[in-house]
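Let me begin by presenting the structure, written as structure tokens, before commenting on it.
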Amino acid sequence: MKKMDEIVNYCKENGFMYPGSQIYGGLANAWDYGPLGIELKRNIQNIWWQKFVQESPYNVGLDAAILMNPQVWVASGHVGGFSDPLMDCKECKNRFRADHLIEDNSNENPAGWSNEKMEQYIKDNNLKCPNCGASNFSEIKEFELMFKTQQGVISNEGSDIYLRPETAQGIFVNFKNVVRTTRRKLPLGIAQVGKAFRNEITPGNFIFRTREFEQMELEFFCKPGTDMEWFEYWKKYCMDWLLKYGLTADNLVYRDHEASELSHYSAGTVDIEYQFPFGQSELWGIANRTDYDLKAHQVASKESMEYHDPLTNEKYIPYVIEPSLGLNRVLLAFICDALVHDEERGDILKIHPDLAPYKICVMPLQKQQNEQAFTIYQALAKKYMVEFEASGNIGKRYKRQDLIGTPYCVTIDFDTENDDCVTIRDRDTTEQVRVKIAELENYFLDKFNL
Ligand code: GAP
């Protein structure tokens, strides 16, 4: 696997990502998606939607607003509960997470400790600033992870509003709407893709952890008592999806959360972790959120969140299994896994054809073939993202398409005039076949699922 700086460079140089607001010196940890990045992102979103909504007999989709009534975040436990314990080094002015400082310098697990206990521990054990080595820290303050802004033109306390830190709450508050309007019975999953925002203290590792990111979340509502069965079902479903689209099995592991790590809502969480170039880290969190959220919203909103089972006449608040995946994070994993170096051919992005930003590149060998090639390009472009490349020698053109992961190159060559055929070259095998122009669309029919 390539090193992280090589991956970042590859993405920047080939139009996958650009540093956000670059001409103004950038904004730390903000990334814009370029022409190739946006195609890859849309493809990932589409294959996720296909598997988690279209092909699932249980699930439906939703697109809730980012801005929600602030009471949602009080009820969900995010206001007051979604924060990190931070302290400043008074010497070098760097800011740290107190719990991480303790974890990194001892065998202790400070999850669940009060701030006073952490301060005392740091003092008693003379823990030092990782930046300058001094032991002169401020007191610990809770740092709110939600972005707060004002709604409307008048800025006052009453109009505070948050950018959602997870898409999940938009699903919980619509649970009854979806059940009523779809007339679905449980088990029922509601899936959503969208932006989430967190004022992360330690963003970094390129697009792995950013303050603005996208989540692909499923909230799967089921009868209490069946939750562990469904937990296992979705664990496997998620892993199968990653493997189907080409992540190397050896780079993926399940890791159960220890009790002290669990989020406030979770009765059990397993992460699918990926071996990124910077180390093994969380890719996909699968949590048993029990009835925590629906109950909390029922209490706060005074709206019943009970489900009435028409078959058994039972009434209950459903349990929820939540597989939650970062779109940007899994995009990074797909690039890390697919970008390989070949001694002769240079770098090749051997990404699954359904994920490839461009599916096909159409190349005329001679200038006088441009018009015919362009007609072929236009016909294929009705179905696929197609690149048209008319300049440079053929070797260089293949190299460029290998580099950006285009699975097939279609060349209009010297024989085309005589036999009405084009040459199709396969990215992974470099094998070439000749196909009649009239047969081209048929040829590609079974090559892509999207
Ligand atoms: N609704 C549950 C939830 O949000 P989480 O573990 O905090 O749980 C779920 O986030 C997933 O979202 C993570 O596994 C990760 O893939 C992605 N994610 C979380 N924070 C992120 C960040 N700051 N930048 C990019 N992706 C992030």
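Order determines the names: the first chain of the structure tokens is A, the second B, and so forth; residues in each chain are numbered 1 upward, and ligands are numbered 1 upward as they are shown.
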
Give the residues close to ligand 1, within 9 Å, counting only C-alpha atoms and all ligand atoms; write them as a PyMOL selection string. chain A and resi 165-169+196-200+202-204+207-219+263+271-273+282-287+322-330

If you count only C-alpha atoms, which residues fall within 12 Å of Arg289 in chain A, apart from same-chain ones fewer than 4 positions away, as a PyMOL selection string? chain A and resi 76+168-169+172+218-222+224+227-228+231+262-270+285+293-296+318-324

Glu103 in chain A: which residues within 12 Å, counting only C-alpha atoms, same-chain residues fewer than 5 positions away excluded, as an MDAnalysis selection string? chainID A and resid 97:98 108:111 118 121:122 127

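Close contacts of Val8 in chain A, defined as residues with an atom at most 12 Å away when counting only C-alpha atoms, with chain neighbours fewer than 6 positions off set aside, comprise Lys2, Asn14, Gly15, Phe16, Met17, Tyr18, Pro19, Trp31, Gly204, Asn205, Phe206, Ile207, Phe208, Pro277, Leu332, Ile335, Cys336 and Leu339 of chain A.
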
Once you have the residues from the selection above, write them out as a PDB file, in the first residue's frame, restricted to N, CA and C atoms.
ATOM      1  N   LYS A   2       0.432   2.271  -0.719  1.00  0.00           N
ATOM      2  CA  LYS A   2       1.227   3.510  -0.780  1.00  0.00           C
ATOM      3  C   LYS A   2       1.185   4.241   0.561  1.00  0.00           C
ATOM      4  N   ASN A  14      -4.519  14.498  -9.540  1.00  0.00           N
ATOM      5  CA  ASN A  14      -5.369  13.923 -10.584  1.00  0.00           C
ATOM      6  C   ASN A  14      -6.819  14.389 -10.522  1.00  0.00           C
ATOM      7  N   GLY A  15      -7.074  15.380  -9.703  1.00  0.00           N
ATOM      8  CA  GLY A  15      -8.430  15.953  -9.704  1.00  0.00           C
ATOM      9  C   GLY A  15      -9.435  15.188  -8.869  1.00  0.00           C
ATOM     10  N   PHE A  16      -8.967  14.432  -7.862  1.00  0.00           N
ATOM     11  CA  PHE A  16      -9.920  13.820  -6.929  1.00  0.00           C
ATOM     12  C   PHE A  16     -10.306  14.836  -5.847  1.00  0.00           C
ATOM     13  N   MET A  17      -9.284  15.452  -5.274  1.00  0.00           N
ATOM     14  CA  MET A  17      -9.545  16.464  -4.225  1.00  0.00           C
ATOM     15  C   MET A  17      -8.603  17.646  -4.374  1.00  0.00           C
ATOM     16  N   TYR A  18      -9.104  18.784  -3.928  1.00  0.00           N
ATOM     17  CA  TYR A  18      -8.278  19.996  -3.851  1.00  0.00           C
ATOM     18  C   TYR A  18      -8.407  20.539  -2.420  1.00  0.00           C
ATOM     19  N   PRO A  19      -7.361  21.174  -1.919  1.00  0.00           N
ATOM     20  CA  PRO A  19      -7.496  21.809  -0.595  1.00  0.00           C
ATOM     21  C   PRO A  19      -8.596  22.875  -0.665  1.00  0.00           C
ATOM     22  N   TRP A  31     -11.644  19.929   2.379  1.00  0.00           N
ATOM     23  CA  TRP A  31     -11.260  19.423   1.053  1.00  0.00           C
ATOM     24  C   TRP A  31     -12.424  19.562   0.092  1.00  0.00           C
ATOM     25  N   GLY A 204      -7.802  15.300  10.731  1.00  0.00           N
ATOM     26  CA  GLY A 204      -6.541  15.008  10.045  1.00  0.00           C
ATOM     27  C   GLY A 204      -6.543  13.705   9.297  1.00  0.00           C
ATOM     28  N   ASN A 205      -5.331  13.322   8.868  1.00  0.00           N
ATOM     29  CA  ASN A 205      -5.191  12.181   7.965  1.00  0.00           C
ATOM     30  C   ASN A 205      -6.045  12.375   6.721  1.00  0.00           C
ATOM     31  N   PHE A 206      -5.867  13.558   6.121  1.00  0.00           N
ATOM     32  CA  PHE A 206      -6.532  13.865   4.845  1.00  0.00           C
ATOM     33  C   PHE A 206      -8.051  13.858   5.044  1.00  0.00           C
ATOM     34  N   ILE A 207      -8.800  13.063   4.278  1.00  0.00           N
ATOM     35  CA  ILE A 207     -10.266  13.098   4.433  1.00  0.00           C
ATOM     36  C   ILE A 207     -10.761  12.084   5.458  1.00  0.00           C
ATOM     37  N   PHE A 208      -9.833  11.476   6.220  1.00  0.00           N
ATOM     38  CA  PHE A 208     -10.268  10.473   7.209  1.00  0.00           C
ATOM     39  C   PHE A 208     -11.113  11.122   8.298  1.00  0.00           C
ATOM     40  N   PRO A 277      -2.943   3.503   5.577  1.00  0.00           N
ATOM     41  CA  PRO A 277      -1.488   3.655   5.620  1.00  0.00           C
ATOM     42  C   PRO A 277      -0.994   4.203   6.963  1.00  0.00           C
ATOM     43  N   LEU A 332     -11.698   6.978   0.861  1.00  0.00           N
ATOM     44  CA  LEU A 332     -10.247   6.931   1.079  1.00  0.00           C
ATOM     45  C   LEU A 332      -9.761   5.477   1.099  1.00  0.00           C
ATOM     46  N   ILE A 335      -9.524   4.040  -2.382  1.00  0.00           N
ATOM     47  CA  ILE A 335      -8.349   4.518  -3.132  1.00  0.00           C
ATOM     48  C   ILE A 335      -7.080   3.846  -2.594  1.00  0.00           C
ATOM     49  N   CYS A 336      -6.933   3.805  -1.263  1.00  0.00           N
ATOM     50  CA  CYS A 336      -5.725   3.198  -0.679  1.00  0.00           C
ATOM     51  C   CYS A 336      -5.571   1.767  -1.165  1.00  0.00           C
ATOM     52  N   LEU A 339      -4.935   1.617  -5.432  1.00  0.00           N
ATOM     53  CA  LEU A 339      -3.811   2.261  -6.122  1.00  0.00           C
ATOM     54  C   LEU A 339      -2.552   1.392  -6.004  1.00  0.00           C
TER      55      LEU A 339
END

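Nearest-residue note for Asn393 in chain A: choosing from A:Gln45, A:Gln366, A:Met305, A:Asn418, the minimum distance belongs to A:Gln366, counting only C-alpha atoms.
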